[in-house]
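Visitor: So here's query16.txt (compact mmCIF, C-alpha atoms).
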# COMPACT_ATOMS: atom_id res chain seq x y z
CA MET A 1 101.77 110.91 115.96
CA THR A 2 98.34 109.69 116.99
CA GLN A 3 96.84 111.96 119.62
CA PRO A 4 93.48 111.65 121.37
CA VAL A 5 91.03 114.51 120.98
CA PRO A 6 89.02 115.06 124.17
CA ALA A 7 85.28 115.58 124.15
CA SER A 8 83.73 118.64 125.73
CA GLU A 9 82.50 116.44 128.59
CA PRO A 10 84.01 113.20 129.92
CA ALA A 11 82.44 109.94 128.80
CA THR A 12 80.86 107.67 131.37
CA ARG A 13 80.31 103.94 131.16
CA SER A 14 76.60 104.31 131.83
CA ALA A 15 75.62 107.26 129.63
CA GLY A 16 78.38 107.30 127.01
CA PRO A 17 79.96 110.42 125.49
CA THR A 18 77.96 113.56 124.84
CA ALA A 19 80.20 114.59 121.91
CA PHE A 20 82.40 112.82 119.39
CA LEU A 21 85.44 111.10 120.88
CA PHE A 22 88.25 110.22 118.48
CA GLU A 23 91.96 109.91 117.88
CA GLY A 24 94.01 109.83 114.72
CA GLU A 25 95.86 111.85 112.12
CA LEU A 26 94.01 115.03 111.12
CA GLU A 27 95.83 115.66 107.85
CA GLN A 28 95.48 114.88 104.15
CA GLY A 29 95.75 111.11 103.71
CA GLY A 30 95.06 110.67 107.42
CA TRP A 31 92.37 109.00 109.50
CA ILE A 32 90.37 109.00 112.72
CA ARG A 33 88.64 106.32 114.73
CA GLY A 34 86.41 106.94 117.68
CA GLN A 35 82.92 106.92 119.13
CA ALA A 36 79.81 108.90 118.30
CA PRO A 37 77.75 110.60 121.03
CA ALA A 38 75.49 108.33 123.05
CA GLY A 39 72.02 108.19 121.51
CA THR A 40 73.26 108.66 117.93
CA ARG A 41 70.87 107.27 115.30
CA ALA A 42 73.14 107.97 112.31
CA ALA A 43 76.41 109.80 111.74
CA ARG A 44 78.45 111.10 108.84
CA LEU A 45 81.70 112.82 107.92
CA ASP A 46 80.56 115.66 105.70
CA ARG A 47 78.24 113.78 103.29
CA GLN A 48 79.80 110.34 103.79
CA PRO A 49 77.78 108.10 106.15
CA LEU A 50 79.75 106.50 108.98
CA GLU A 51 79.26 102.83 109.77
CA LEU A 52 78.64 102.58 113.52
CA ASP A 53 78.89 99.42 115.60
CA ASP A 54 76.64 98.65 118.57
CA GLU A 55 78.73 100.93 120.79
CA GLY A 56 78.76 103.79 118.29
CA ARG A 57 82.39 103.28 117.27
CA PHE A 58 83.50 104.33 113.79
CA PHE A 59 86.42 104.80 111.41
CA ALA A 60 86.88 107.61 108.87
CA GLY A 61 89.61 108.88 106.56
CA PHE A 62 90.70 111.98 104.65
CA ASP A 63 91.66 111.80 100.99
CA ARG A 64 95.05 112.90 99.70
CA ASP A 65 93.38 116.04 98.31
CA ALA A 66 90.94 116.60 101.18
CA PRO A 67 90.00 120.26 101.85
CA GLY A 68 91.16 122.02 105.00
CA THR A 69 87.94 121.48 106.95
CA ALA A 70 85.55 118.61 107.59
CA ARG A 71 82.54 118.14 109.82
CA LEU A 72 81.36 115.23 111.93
CA VAL A 73 77.57 115.15 112.25
CA ALA A 74 75.48 112.94 114.54
CA GLU A 75 71.72 112.68 114.14
CA MET A 76 70.32 111.85 117.55
CA LYS A 77 67.41 109.59 118.37
CA ASP A 78 65.66 112.51 120.10
CA GLY A 79 65.82 114.62 116.94
CA ARG A 80 68.80 116.78 117.90
CA THR A 81 71.93 117.16 115.79
CA VAL A 82 75.45 117.17 117.26
CA GLU A 83 78.19 118.62 115.05
CA GLN A 84 81.96 118.95 115.38
CA ASP A 85 84.23 120.80 112.96
CA LEU A 86 87.65 119.40 112.11
CA THR A 87 90.72 121.14 110.73
CA ILE A 88 92.61 118.97 108.24
CA ARG A 89 96.30 119.84 107.90
CA PRO A 90 97.61 120.22 104.33
CA ARG A 91 100.61 118.16 103.21
CA VAL A 92 103.66 119.12 101.18
CA TRP A 93 103.81 116.36 98.58
CA GLN A 94 106.86 115.10 96.73
CA ILE A 95 106.41 116.84 93.37
CA GLU A 96 108.80 116.37 90.45
CA HIS A 97 108.66 118.78 87.53
CA VAL A 98 109.68 117.10 84.27
CA ASN A 99 110.53 119.09 81.14
CA VAL A 100 108.97 116.59 78.75
CA ALA A 101 105.44 116.27 77.42
CA ARG A 102 103.13 113.85 79.13
CA THR A 103 102.63 110.60 77.22
CA PRO A 104 99.26 110.80 75.45
CA GLY A 105 96.53 108.80 77.14
CA GLY A 106 94.35 106.15 75.63
CA SER A 107 94.56 102.39 75.45
CA SER A 108 93.91 99.83 72.78
CA GLU A 109 90.51 98.23 72.50
CA ALA A 110 92.08 94.88 73.32
CA PHE A 111 93.52 96.27 76.57
CA LEU A 112 90.22 97.88 77.55
CA ARG A 113 88.39 94.59 76.97
CA ARG A 114 90.86 92.82 79.25
CA ARG A 115 90.82 95.60 81.81
CA ALA A 116 87.05 95.90 82.23
CA PRO A 117 86.52 92.60 84.12
CA GLU A 118 89.58 93.29 86.27
CA LEU A 119 88.18 96.65 87.36
CA ALA A 120 84.80 95.03 87.98
CA ARG A 121 86.40 92.50 90.34
CA ILE A 122 88.35 95.22 92.16
CA ASN A 123 85.26 97.41 92.57
CA ALA A 124 83.14 94.48 93.74
CA ALA A 125 85.79 93.49 96.30
CA ARG A 126 85.86 96.99 97.72
CA GLU A 127 82.09 96.94 98.13
CA VAL A 128 82.30 93.98 100.51
CA ARG A 129 81.51 94.84 104.13
CA SER A 130 82.82 92.23 106.56
CA ARG A 131 82.50 92.26 110.33
CA SER A 132 86.27 92.50 110.74
CA GLU A 133 87.61 94.74 113.48
CA GLY A 134 91.06 95.08 111.98
CA TRP A 135 90.37 98.83 111.68
CA ARG A 136 90.73 99.04 115.47
CA GLU A 137 94.26 97.62 115.53
CA GLY A 138 97.57 99.44 115.51
CA PHE A 139 98.93 98.55 112.07
CA ILE A 140 102.33 96.88 111.56
CA TRP A 141 104.77 97.00 108.65
CA PRO A 142 103.76 94.35 106.11
CA ALA A 143 107.28 93.70 104.81
CA PRO A 144 110.94 94.64 105.23
CA GLY A 145 112.77 96.72 102.66
CA ARG A 146 113.43 100.38 102.06
CA VAL A 147 110.61 102.75 101.16
CA SER A 148 111.04 103.17 97.39
CA GLY A 149 107.81 105.06 96.67
CA ARG A 150 105.78 107.38 98.88
CA PHE A 151 102.08 108.06 98.91
CA GLY A 152 101.07 111.26 97.14
CA ALA A 153 104.22 111.68 95.03
CA GLN A 154 103.47 113.17 91.63
CA ARG A 155 105.11 114.28 88.39
CA ILE A 156 104.21 117.47 86.54
CA TYR A 157 104.89 117.23 82.79
CA ARG A 158 105.46 120.74 81.42
CA GLY A 159 102.73 122.03 83.69
CA GLU A 160 100.37 119.08 83.19
CA PRO A 161 99.97 116.93 86.32
CA GLY A 162 100.21 113.17 86.09
CA SER A 163 98.50 110.74 88.43
CA TYR A 164 99.84 110.74 91.98
CA HIS A 165 101.28 107.63 93.62
CA SER A 166 98.41 106.00 95.48
CA GLY A 167 100.29 103.83 97.95
CA LEU A 168 103.51 102.91 99.73
CA ASP A 169 106.23 100.93 97.91
CA LEU A 170 108.56 98.63 99.85
CA ALA A 171 111.55 97.40 97.86
CA GLY A 172 111.90 93.87 99.19
CA GLY A 173 113.61 91.29 97.03
CA ARG A 174 111.69 88.77 94.96
CA GLY A 175 110.35 86.02 97.21
CA THR A 176 110.39 88.15 100.38
CA ALA A 177 107.37 87.36 102.57
CA PHE A 178 104.74 90.01 103.26
CA VAL A 179 102.12 89.82 106.01
CA ALA A 180 98.79 91.37 106.97
CA PRO A 181 99.33 94.79 108.60
CA ALA A 182 95.99 94.34 110.39
CA SER A 183 93.36 91.63 110.64
CA GLY A 184 90.67 91.31 108.01
CA VAL A 185 88.89 89.24 105.40
CA VAL A 186 90.41 88.49 101.99
CA VAL A 187 87.91 89.87 99.48
CA LEU A 188 90.11 89.43 96.40
CA ALA A 189 93.01 87.06 95.72
CA ALA A 190 93.98 87.18 92.05
CA GLU A 191 96.29 84.26 91.25
CA THR A 192 95.91 85.02 87.55
CA GLU A 193 97.80 88.26 86.96
CA PHE A 194 95.87 91.47 86.40
CA SER A 195 97.25 93.62 83.60
CA LEU A 196 98.49 96.42 85.90
CA GLU A 197 98.41 95.08 89.45
CA GLY A 198 99.76 91.60 88.70
CA LYS A 199 98.95 89.08 91.43
CA LEU A 200 96.73 91.09 93.74
CA ILE A 201 95.26 90.76 97.24
CA ILE A 202 92.60 93.02 98.79
CA ILE A 203 91.75 92.72 102.49
CA ASP A 204 88.70 94.29 104.13
CA HIS A 205 89.53 95.57 107.63
CA GLY A 206 85.94 96.58 108.39
CA LYS A 207 84.10 99.93 108.53
CA GLY A 208 84.89 100.65 104.86
CA LEU A 209 88.69 100.40 105.27
CA ASN A 210 90.61 98.08 102.95
CA SER A 211 94.19 97.28 101.92
CA ALA A 212 95.43 96.27 98.47
CA PHE A 213 98.78 94.53 97.84
CA LEU A 214 100.10 94.57 94.27
CA HIS A 215 102.79 92.85 92.17
CA ALA A 216 103.05 89.67 94.29
CA ASP A 217 105.14 86.72 93.17
CA SER A 218 102.92 84.21 95.02
CA LEU A 219 99.81 84.27 97.20
CA ALA A 220 99.34 82.36 100.45
CA VAL A 221 95.64 83.17 101.05
CA ARG A 222 92.33 82.64 99.27
CA GLU A 223 89.19 84.71 98.86
CA GLY A 224 86.84 84.57 101.84
CA GLN A 225 89.62 83.68 104.26
CA THR A 226 89.90 85.52 107.58
CA VAL A 227 93.47 86.58 108.35
CA ARG A 228 95.09 87.74 111.54
CA GLN A 229 97.51 90.63 111.89
CA GLY A 230 100.98 89.38 110.99
CA GLN A 231 99.71 86.36 109.03
CA LEU A 232 101.56 85.48 105.82
CA LEU A 233 99.80 86.80 102.71
CA GLY A 234 102.32 86.02 99.99
CA THR A 235 105.72 86.88 98.60
CA ILE A 236 106.98 90.02 96.87
CA GLY A 237 107.44 89.99 93.11
CA ALA A 238 107.26 92.12 89.99
CA SER A 239 104.06 90.82 88.41
CA GLY A 240 101.86 93.14 86.39
CA ARG A 241 103.24 96.52 85.40
CA ALA A 242 106.29 96.85 87.66
CA THR A 243 109.86 97.87 86.94
CA GLY A 244 111.30 95.58 89.60
CA PRO A 245 110.37 93.51 92.67
CA HIS A 246 108.51 95.53 95.28
CA LEU A 247 105.32 95.52 97.35
CA HIS A 248 102.84 98.27 96.54
CA TRP A 249 100.44 98.69 99.48
CA SER A 250 97.48 101.04 99.18
CA LEU A 251 94.74 101.87 101.68
CA LYS A 252 91.25 103.18 100.96
CA TRP A 253 88.37 104.23 103.17
CA GLU A 254 85.26 104.38 101.02
CA ASP A 255 86.47 106.52 98.06
CA ALA A 256 89.28 108.27 99.99
CA ARG A 257 92.88 107.21 99.40
CA LEU A 258 94.93 107.15 102.62
CA ASP A 259 98.65 107.27 103.39
CA PRO A 260 99.83 103.91 104.81
CA LEU A 261 102.75 105.63 106.59
CA LEU A 262 100.25 107.44 108.83
CA PHE A 263 99.07 104.05 110.15
CA LEU A 264 102.51 102.71 110.98
CA PRO A 265 104.90 102.98 113.93
CA PRO A 266 108.47 104.14 113.34
CA ARG A 267 110.73 101.37 112.12
CA PRO A 268 112.91 99.92 114.92
Please re-express this file's structure in structure tokens.
Guide:
Amino acid sequence: MTQPVPASEPATRSAGPTAFLFEGELEQGGWIRGQAPAGTRAARLDRQPLELDDEGRFFAGFDRDAPGTARLVAEMKDGRTVEQDLTIRPRVWQIEHVNVARTPGGSSEAFLRRRAPELARINAAREVRSRSEGWREGFIWPAPGRVSGRFGAQRIYRGEPGSYHSGLDLAGGRGTAFVAPASGVVVLAAETEFSLEGKLIIIDHGKGLNSAFLHADSLAVREGQTVRQGQLLGTIGASGRATGPHLHWSLKWEDARLDPLLFLPPRP
């Protein structure tokens, strides 16, 4: 549950806060959004710079494997430094131990040649910084359907860990509509299927936060388009590398992978 964290002194409309104000989910895969102290020149979470708006508001997230502590740092215009330590709760992830050897890695040269431009487009899309304020919104569920895959789940093959699941899977039927969980700008809309992701949409919500939607059957938006929360994005499919129709939704803040469930209200 999202809970506000009070500052050491109350904020005033005239002067602004004297310490960091924020609310959010202080756990692995979680997030915070808030306001830096009045008079902040620059701020960061550990070594990661925070993008501040004109009122000093920011968004930040904690990776799935984030350590147990983090630090907010504000560099003030008068030369002072304001710091606040955070305690990040660990998570118990869904781990499955499998008594088989992990499939050897490596891909064919033909696959790598095809994959390289796809990864370049994905990386370029995630570098886009729009002026969207979708990061400030309370997110909504993008589609109906049972949760068929949870963020952070992982298989261990005879003691060797595989890659963890980087998003939330919703098992809607083929052709089921999915919508924007928050407002943003479409920075990638791949009508031509990518080798793994299939038909793919990436939306920038501002402040370094973005959503990716994989395996679509059809897309209803184009690159550069501004979308509102709840607006139709496309329909669920099984394009790319998918075993059946479902929507894979992942969230990233900068390089940190976040748990979409921690952004969502309980289902009615």
Visitor: Can you tell me which residues surround range 130-138 of chain A at a distance of at most 9 Å, considering all atoms listed in the file, apart from same-chain residues fewer than 5 positions away, and format the answer as a list in words?
Guide: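 Once the adjacent positions are removed, what remains is Arg33, Phe59, Pro181, Ala182, Ser183, Gly184, Val185, Asp204, His205, Gly206, Lys207, Gly208, Leu209, Asn210, Thr226, Arg228, Gln229, Phe263, Leu264 and Pro265 of chain A.
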Visitor: Select, counting only C-alpha atoms, all protein, DNA and RNA residues no farther than 8 Å from (101.7, 96.5, 84.5) in file coordinates, and express the selection as a CSV table (one decimal) with C-alpha atoms, keeping the file's coordinate frame.
Guide:
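Ended up saving to result.csv:
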chain,number,residue,atom,x,y,z
A,194,PHE,CA,95.9,91.5,86.4
A,195,SER,CA,97.2,93.6,83.6
A,196,LEU,CA,98.5,96.4,85.9
A,197,GLU,CA,98.4,95.1,89.4
A,198,GLY,CA,99.8,91.6,88.7
A,239,SER,CA,104.1,90.8,88.4
A,240,GLY,CA,101.9,93.1,86.4
A,241,ARG,CA,103.2,96.5,85.4
A,242,ALA,CA,106.3,96.8,87.7
Visitor: Go ahead and compute the interatomic distance for CA of Arg267 in chain A and CA of Arg91 in chain A, in Å to one decimal.
Guide: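 We find that CA of Arg267 in chain A and CA of Arg91 in chain A lie 21.5 Å from each other.
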Visitor: Any idea what's packed within 7 Å of range 141-158 of chain A, counting only C-alpha atoms, ignoring anything in its chain fewer than 6 positions away? Could you give it as a list in words?
Guide: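 The residues that qualify are Arg64, Trp93, Gln94, Ile95, Glu96, His97, Val98, Asn99, Val100, Ala101, Arg102, Tyr164, His165, Ser166, Gly167, Leu168, Asp169, Leu170, Ala171, Gly172, Ala177, Phe178, Val179, Ala180, Pro181, Asp259 and Leu264 of chain A.
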Visitor: Between CA of Phe213 in chain A and CA of Leu45 in chain A, what is the distance in Å, rounded to a tenth?
Guide: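 Distance reported for this atom pair: 27.0 Å.
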Visitor: Give me, please, the distance in Å between CA of Phe62 in chain A and CA of Asn123 in chain A, quoted to one decimal.
Guide: 19.7 Å
Visitor: Calculated over only C-alpha atoms, which of the candidates A:Leu21, A:Ala60, A:Ile202, A:Leu86 has the smallest distance to Trp253 in chain A?
Guide: A:Ala60
Visitor: Counting only C-alpha atoms, what is within 12 Å of Ala38 in chain A, bar same-chain residues fewer than 3 positions away, as a ChimeraX atom specification?
Guide: /A:10-21,35,41-43,52,54-57,74-78,80-82
Visitor: When distances are computed from all atoms listed in the file, which of A:Gln231, A:Thr176, A:Gln48, A:Gln84 shows the smallest separation from Ala216 in chain A?
Guide: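 Counting all atoms listed in the file, the residue closest to Ala216 in chain A is A:Thr176.
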Visitor: Pick from A:Leu26, A:Ala66, A:Val186, A:Ile236: nearest to Ser211 in chain A, with all atoms listed in the file counted?
Guide: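 Ranked by minimum distance to Ser211 in chain A, first place goes to A:Val186.
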Visitor: With distances taken over all atoms listed in the file, which residue among A:Leu219, A:Ala189, A:Ala212, A:Leu112 lies nearest Arg257 in chain A?
Guide: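 The answer is A:Ala212, which sits nearest to Arg257 in chain A.
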Visitor: Out of A:Ile140, A:Asp65, A:Thr192, A:Leu262, which residue has the shortest atom-to-atom distance to Gly230 in chain A when counting only C-alpha atoms?
Guide: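 Closest to Gly230 in chain A, using only C-alpha atoms: A:Ile140.
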